[in-house]
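A.B. asks: I'm passing along work-v5.cif; it holds mmCIF, C-alpha atoms.
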data_structure
loop_
_atom_site.label_atom_id
_atom_site.label_comp_id
_atom_site.auth_asym_id
_atom_site.auth_seq_id
_atom_site.Cartn_x
_atom_site.Cartn_y
_atom_site.Cartn_z
CA MET A 8 19.94 11.76 10.52
CA THR A 9 18.41 15.18 9.86
CA ALA A 10 19.62 15.27 6.25
CA PRO A 11 17.57 13.54 3.52
CA PHE A 12 17.59 9.74 3.78
CA LEU A 13 15.87 6.67 2.43
CA ALA A 14 13.70 4.43 4.62
CA VAL A 15 12.62 0.95 3.60
CA ASP A 16 9.84 -1.06 5.23
CA TRP A 17 10.97 -4.45 3.90
CA GLY A 18 8.56 -7.25 4.69
CA THR A 19 8.27 -10.89 3.72
CA THR A 20 6.22 -10.37 0.56
CA ASN A 21 6.09 -6.60 0.06
CA ARG A 22 8.39 -3.62 0.30
CA ARG A 23 7.81 0.12 0.61
CA VAL A 24 10.50 2.73 0.01
CA PHE A 25 10.29 6.30 1.35
CA LEU A 26 12.35 9.34 0.45
CA ILE A 27 12.39 11.54 3.54
CA GLU A 28 13.40 15.19 3.46
CA ASP A 29 13.03 17.69 6.30
CA GLY A 30 11.17 15.10 8.35
CA LYS A 31 8.54 14.47 5.68
CA VAL A 32 7.90 11.82 3.03
CA VAL A 33 8.34 13.44 -0.37
CA ARG A 34 8.20 10.27 -2.46
CA THR A 35 7.20 6.66 -1.87
CA GLU A 36 7.05 3.43 -3.84
CA ARG A 37 5.50 0.06 -3.01
CA ASP A 38 6.26 -3.22 -4.77
CA ASP A 39 6.22 -6.99 -4.26
CA HIS A 40 9.99 -7.33 -3.79
CA GLY A 41 9.73 -8.67 -0.26
CA VAL A 42 12.66 -10.58 1.17
CA THR A 43 11.40 -13.91 -0.19
CA ALA A 44 11.48 -12.47 -3.73
CA VAL A 45 15.16 -11.55 -3.49
CA ALA A 46 17.63 -14.13 -4.79
CA LYS A 47 20.43 -15.29 -2.51
CA GLY A 48 23.16 -12.68 -2.51
CA GLY A 49 20.88 -10.19 -4.23
CA PHE A 50 20.28 -7.63 -1.50
CA GLU A 51 23.28 -5.48 -2.33
CA GLN A 52 21.98 -5.06 -5.86
CA GLU A 53 18.44 -4.34 -4.61
CA VAL A 54 19.80 -1.59 -2.37
CA ALA A 55 21.86 -0.18 -5.22
CA ASP A 56 18.77 -0.18 -7.45
CA ILE A 57 16.77 1.72 -4.82
CA ARG A 58 19.49 4.36 -4.59
CA ALA A 59 19.60 4.59 -8.37
CA ARG A 60 15.89 5.43 -8.41
CA PHE A 61 15.63 7.60 -5.30
CA GLY A 62 19.07 9.13 -4.89
CA ASP A 63 22.45 8.13 -3.49
CA LEU A 64 21.45 8.72 0.13
CA PRO A 65 21.87 7.09 3.54
CA MET A 66 19.40 4.25 4.06
CA LEU A 67 17.62 2.89 7.12
CA LEU A 68 15.83 -0.45 6.71
CA ALA A 69 13.28 -2.16 8.94
CA GLY A 70 11.30 -5.39 8.90
CA MET A 71 12.13 -8.90 7.74
CA VAL A 72 15.21 -7.67 5.89
CA GLY A 73 16.91 -8.07 9.28
CA ALA A 74 15.63 -11.63 9.85
CA ASN A 75 17.33 -14.93 9.06
CA ILE A 76 15.42 -15.00 5.77
CA GLY A 77 16.54 -11.47 4.90
CA TRP A 78 19.79 -9.72 4.13
CA ARG A 79 21.63 -9.99 7.43
CA VAL A 80 20.40 -10.86 10.91
CA ALA A 81 19.93 -7.81 13.12
CA PRO A 82 19.85 -9.40 16.60
CA TYR A 83 16.78 -8.77 18.72
CA VAL A 84 17.07 -6.36 21.62
CA PRO A 85 15.33 -7.64 24.74
CA ALA A 86 12.27 -5.93 26.19
CA PRO A 87 11.90 -3.50 27.86
CA ALA A 88 12.99 -1.51 24.83
CA GLY A 89 12.34 1.86 23.25
CA ILE A 90 14.01 4.10 20.69
CA ASP A 91 17.29 4.27 22.64
CA GLU A 92 17.66 0.49 22.64
CA LEU A 93 16.71 0.20 18.98
CA VAL A 94 19.27 2.80 17.96
CA ALA A 95 21.95 1.11 20.08
CA GLY A 96 21.09 -2.22 18.44
CA LEU A 97 21.19 -1.04 14.82
CA LEU A 98 23.03 -3.41 12.52
CA ARG A 99 25.44 -1.26 10.51
CA ILE A 100 25.98 -2.71 7.05
CA ASP A 101 28.28 0.18 6.15
CA ASP A 102 28.63 3.84 7.12
CA ARG A 103 25.45 4.75 5.17
CA THR A 104 23.24 1.68 5.58
CA ALA A 105 21.70 0.20 8.74
CA ILE A 106 18.96 -2.26 9.74
CA VAL A 107 16.62 -1.72 12.69
CA PRO A 108 16.63 -4.66 15.13
CA GLY A 109 13.52 -6.40 16.37
CA ILE A 110 12.51 -6.88 20.00
CA SER A 111 12.37 -10.12 21.98
CA SER A 112 10.38 -10.97 25.08
CA LEU A 113 10.45 -13.78 27.60
CA ARG A 114 7.54 -13.71 30.05
CA ASP A 115 6.54 -16.57 32.34
CA GLY A 116 8.61 -18.93 30.20
CA ARG A 117 6.86 -17.86 26.96
CA ALA A 118 9.21 -16.57 24.29
CA ASP A 119 8.08 -13.97 21.78
CA ILE A 120 9.63 -11.85 19.04
CA MET A 121 8.70 -8.95 16.78
CA ARG A 122 10.46 -7.53 13.74
CA GLY A 123 9.06 -4.51 11.93
CA GLU A 124 6.23 -3.76 14.33
CA GLU A 125 8.67 -2.13 16.78
CA THR A 126 9.18 0.75 14.34
CA GLN A 127 5.43 1.37 14.18
CA PHE A 128 5.08 1.19 17.95
CA VAL A 129 7.84 3.70 18.73
CA GLY A 130 6.55 5.89 15.91
CA ALA A 131 3.03 5.98 17.34
CA LEU A 132 4.52 7.09 20.66
CA ALA A 133 7.04 9.57 19.26
CA SER A 134 4.40 11.31 17.13
CA GLY A 135 1.74 11.43 19.83
CA LEU A 136 -0.58 9.11 17.92
CA ALA A 137 -0.67 7.00 21.10
CA PRO A 138 0.20 7.85 24.73
CA ARG A 139 3.46 6.76 26.35
CA ASP A 140 1.54 4.39 28.62
CA ALA A 141 -0.82 2.26 26.57
CA LEU A 142 -1.83 -1.08 25.14
CA LEU A 143 -1.06 -1.16 21.42
CA ALA A 144 -2.36 -3.73 18.93
CA GLN A 145 -0.95 -4.25 15.45
CA PRO A 146 -3.26 -6.66 13.56
CA GLY A 147 -2.00 -8.67 10.63
CA THR A 148 -0.79 -12.13 9.77
CA HIS A 149 0.68 -12.27 13.27
CA CYS A 150 -1.16 -9.83 15.51
CA LYS A 151 1.05 -8.06 18.07
CA TRP A 152 -0.22 -6.80 21.42
CA ALA A 153 2.31 -4.60 23.21
CA GLU A 154 2.24 -3.23 26.74
CA ILE A 155 3.84 0.23 26.69
CA GLN A 156 5.13 2.04 29.77
CA ASN A 157 6.94 5.38 29.67
CA GLY A 158 7.41 5.05 25.92
CA ARG A 159 9.02 1.60 26.01
CA VAL A 160 7.76 -1.83 24.97
CA MET A 161 7.68 -3.70 28.27
CA GLN A 162 6.22 -6.99 27.07
CA PHE A 163 4.11 -8.27 24.20
CA VAL A 164 2.13 -11.21 22.84
CA THR A 165 1.91 -12.47 19.27
CA ALA A 166 -1.23 -14.27 18.04
CA MET A 167 -1.22 -16.09 14.69
CA THR A 168 -4.77 -14.93 14.01
CA GLY A 169 -4.35 -13.81 10.40
CA GLU A 170 -2.25 -16.80 9.43
CA LEU A 171 -4.78 -19.24 10.88
CA PHE A 172 -7.55 -17.58 8.87
CA SER A 173 -5.45 -17.79 5.71
CA LEU A 174 -4.70 -21.47 6.30
CA LEU A 175 -8.37 -22.25 6.90
CA ARG A 176 -9.25 -20.50 3.63
CA LYS A 177 -6.72 -22.48 1.60
CA HIS A 178 -6.63 -25.92 3.19
CA GLY A 179 -8.82 -28.40 4.97
CA LEU A 180 -12.49 -28.99 5.54
CA LEU A 181 -13.66 -25.38 5.59
CA ALA A 182 -11.72 -24.07 2.59
CA ALA A 183 -14.62 -24.35 0.14
CA GLN A 184 -16.90 -22.35 2.46
CA LEU A 185 -14.59 -19.40 3.21
CA GLY A 186 -14.18 -17.78 -0.20
CA ALA A 187 -16.37 -14.71 0.35
CA GLU A 188 -15.05 -11.33 1.48
CA VAL A 189 -15.07 -10.61 5.19
CA THR A 190 -17.47 -7.82 6.12
CA LEU A 191 -18.26 -6.13 9.40
CA GLY A 192 -21.86 -7.28 9.72
CA ASP A 193 -24.12 -9.57 11.69
CA ALA A 194 -22.18 -12.76 10.83
CA PHE A 195 -18.86 -11.25 11.95
CA ARG A 196 -20.41 -9.97 15.17
CA ALA A 197 -21.98 -13.39 15.84
CA GLY A 198 -18.49 -14.87 15.44
CA LEU A 199 -17.16 -12.39 17.99
CA VAL A 200 -19.70 -13.58 20.54
CA GLU A 201 -18.89 -17.24 19.88
CA GLY A 202 -15.15 -16.54 19.92
CA ARG A 203 -15.35 -15.29 23.51
CA LYS A 204 -16.35 -18.80 24.63
CA ARG A 205 -12.71 -19.92 24.18
CA ASP A 206 -13.69 -23.22 22.51
CA LEU A 207 -12.21 -22.23 19.17
CA ALA A 208 -11.61 -25.66 17.63
CA ALA A 209 -15.19 -26.78 18.28
CA SER A 210 -16.62 -23.45 17.14
CA LEU A 211 -14.74 -23.68 13.84
CA PHE A 212 -16.21 -27.12 13.12
CA GLY A 213 -19.60 -25.59 13.80
CA ILE A 214 -19.20 -23.64 10.53
CA ARG A 215 -19.33 -26.92 8.64
CA ALA A 216 -22.22 -28.25 10.71
CA SER A 217 -24.26 -25.06 10.34
CA PHE A 218 -23.97 -25.26 6.55
CA MET A 219 -24.94 -28.94 6.42
CA LEU A 220 -28.01 -28.28 8.57
CA GLY A 221 -29.03 -25.16 6.65
CA GLN A 222 -28.45 -22.75 9.54
CA ARG A 223 -25.92 -20.45 7.85
CA ASP A 224 -25.32 -19.60 4.21
CA ASP A 225 -21.76 -19.88 2.92
CA VAL A 226 -21.82 -16.22 1.92
CA ASP A 227 -21.55 -15.46 5.66
CA ALA A 228 -19.10 -18.22 6.58
CA ALA A 229 -15.89 -16.24 6.02
CA SER A 230 -17.13 -13.29 8.08
CA TYR A 231 -18.25 -15.61 10.85
CA ALA A 232 -14.89 -17.47 10.86
CA SER A 233 -13.00 -14.19 10.95
CA GLY A 234 -15.16 -13.09 13.88
CA LEU A 235 -14.39 -16.33 15.69
CA LEU A 236 -10.64 -15.95 15.32
CA ILE A 237 -10.44 -12.24 16.04
CA GLY A 238 -12.96 -12.58 18.85
CA SER A 239 -10.91 -15.32 20.50
CA ASP A 240 -7.70 -13.31 20.13
CA VAL A 241 -9.18 -10.10 21.53
CA ALA A 242 -11.02 -11.82 24.39
CA ALA A 243 -7.79 -13.47 25.55
CA ARG A 244 -5.92 -10.19 25.51
CA MET A 245 -8.66 -8.26 27.27
CA ALA A 246 -8.67 -10.85 30.04
CA GLU A 247 -4.99 -10.13 30.64
CA THR A 248 -5.09 -6.32 30.76
CA SER A 249 -6.76 -3.58 32.74
CA HIS A 250 -6.39 -0.99 29.97
CA GLU A 251 -9.72 0.57 29.09
CA ILE A 252 -8.40 2.01 25.80
CA VAL A 253 -6.59 0.04 23.09
CA HIS A 254 -4.78 1.80 20.25
CA VAL A 255 -5.03 -0.26 17.05
CA LEU A 256 -2.33 0.34 14.42
CA ALA A 257 -3.86 -0.78 11.13
CA ASP A 258 -5.64 0.24 7.97
CA PRO A 259 -9.34 1.12 8.32
CA VAL A 260 -10.61 -2.24 7.02
CA LEU A 261 -8.66 -4.68 9.19
CA GLY A 262 -8.47 -2.16 11.99
CA GLY A 263 -12.22 -1.74 11.90
CA LEU A 264 -12.69 -5.45 12.61
CA TYR A 265 -10.44 -5.24 15.67
CA VAL A 266 -12.11 -2.05 16.85
CA ALA A 267 -15.47 -3.87 16.73
CA ALA A 268 -14.04 -6.82 18.65
CA ILE A 269 -12.47 -4.64 21.33
CA GLU A 270 -15.69 -2.66 21.77
CA ALA A 271 -17.65 -5.94 21.99
CA ASN A 272 -15.51 -6.68 25.05
CA GLY A 273 -16.57 -3.44 26.72
CA ARG A 274 -13.36 -1.50 26.00
CA THR A 275 -12.63 1.56 23.87
CA ALA A 276 -10.57 1.29 20.70
CA ARG A 277 -8.79 4.06 18.82
CA LEU A 278 -7.59 3.47 15.28
CA VAL A 279 -4.08 4.67 14.39
CA ASP A 280 -2.85 4.76 10.80
CA SER A 281 -0.04 2.19 10.66
CA HIS A 282 1.58 3.87 7.67
CA SER A 283 1.90 7.16 9.56
CA ALA A 284 3.21 5.32 12.62
CA PHE A 285 5.96 3.60 10.60
CA VAL A 286 7.07 6.87 9.01
CA ALA A 287 7.17 8.60 12.40
CA GLY A 288 9.13 5.71 13.89
CA ILE A 289 11.74 5.47 11.17
CA ILE A 290 12.25 9.25 11.26
CA ALA A 291 12.62 9.21 15.05
CA ILE A 292 15.19 6.40 14.87
CA GLY A 293 17.01 8.10 12.01
CA GLU A 294 17.28 11.39 13.89
CA MET A 295 18.99 9.64 16.81
CA MET A 296 21.58 7.83 14.70
#
Starting from the file, lay out its structure as structure tokens.
C.D. replies:
Amino acid sequence: MTAPFLAVDWGTTNRRVFLIEDGKVVRTERDDHGVTAVAKGGFEQEVADIRARFGDLPMLLAGMVGANIGWRVAPYVPAPAGIDELVAGLLRIDDRTAIVPGISSLRDGRADIMRGEETQFVGALASGLAPRDALLAQPGTHCKWAEIQNGRVMQFVTAMTGELFSLLRKHGLLAAQLGAEVTLGDAFRAGLVEGRKRDLAASLFGIRASFMLGQRDDVDAASYASGLLIGSDVAARMAETSHEIVHVLADPVLGGLYVAAIEANGRTARLVDSHSAFVAGIIAIGEMM
């Protein structure tokens, strides 16, 4: 797809549309029309509306639009998988519209899936933002850790780190203490150290106990809790890999927290702009269609 086309990163709660010409983004738009905001049977109209705004062009969609809560299910392709497998697994809605599939993994009896992150991963590799043999991390609600060999996703692990933090902030015993913004400071770094002890449930209750005994102010509680969760996630992954360098696909704020956690484990972290990785990935897939 070397001619102009539209790319849509269609997530659960948000959506970003890109107009791509000559391999470059010439226009983009972000809104809150994620798949859960689209009424049943409403995707055809959403796609028509996008074309009305951006041009009547071919369209390549990625993300939760291909999940069972989206438009149509684009079946997962099994790992190992790279661009070739993703292109072969495209779900063709019509001759001008297709959905990128996700990737599935089954390792040691543990099932795992990704949908949306695969486009960022292959984009980071195709654009040279990360090497073709690497450990990639994509932090978020569900943090993905992917082992890459020769440009293909060999296996991966998903950790519900972000979702757990969100749940703790909204529900349960600690909710009233976790309202402050998370910052990369002493409290977060103390959480990283505690998170490496792998006793997460007990450490989380310690947030409550520390407040009651006057050992930690609530202004630091959210940063400490975030450090605990990210620290536990990162420590587990570092124990499973020999990679000395981890490429983190994220924005500078969230990515910075993971970079700090990886470095606290004695490894090197390199931050990769996730937006650039997605664009590179969707262009690479589009060119092979």
A.B. asks: Give as JSON, numbers by chain the set of residues within 9 Å of the point (18.4, 3.1, -0.5), where distances use the file's coordinates and all atoms listed in the file.
C.D. replies: {"A": [12, 13, 14, 15, 24, 25, 26, 53, 54, 55, 56, 57, 58, 59, 60, 61, 62, 63, 64, 65, 66, 67, 68, 104]}
A.B. asks: Applied to the shown file, which residues does the PyMOL selection byres ((chain A and resi 289) around 8) return, written as a list in words?
C.D. replies: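 Applying the expression gives Ala14, Leu67, Thr126, Gly130, Phe285, Val286, Ala287, Gly288, Ile290, Ala291, Ile292 and Gly293 of chain A.
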A.B. asks: Residues picked by the PyMOL selection byres ((chain A and resi 276-283) around 8) here, as a list in words?
C.D. replies: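 On this input, the PyMOL selection byres ((chain A and resi 276-283) around 8) captures Gln127, Gly130, Ala131, Leu136, Ala137, Ile252, Val253, His254, Val255, Leu256, Ala257, Asp258, Pro259, Gly262, Gly263, Val266, Ile269, Glu270, Arg274, Thr275, Ala284, Phe285, Val286 and Ala287 of chain A.
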A.B. asks: Every residue with an atom at most 10 Å from (-8.0, -7.9, 27.7) (file coordinates; all atoms listed in the file) is what I'm after, so could you write them as a ChimeraX atom specification?
C.D. replies: /A:142,240-251,253,269,272-274
A.B. asks: Decode the PyMOL selection byres ((chain A and resi 122) around 6) for the given file into explicit residues and return them as a list in words.
C.D. replies: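 The output of the PyMOL selection byres ((chain A and resi 122) around 6) on this file is Gly70, Gly109, Met121, Gly123 and Glu124 of chain A.
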A.B. asks: My list of candidates is A:Val45, A:Val160, A:Ala182, A:Ala105. Which is closest to Ile120 (chain A) when distances are computed with all atoms listed in the file?
C.D. replies: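 Looking only at the distances to Ile120 (chain A), the closest residue turns out to be A:Val160.
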A.B. asks: Between CA of Ala209 (chain A) and CA of Ala228 (chain A), what distance in Å does the model show, to one decimal?
C.D. replies: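 That distance, rounded to one decimal, is 15.0 Å.
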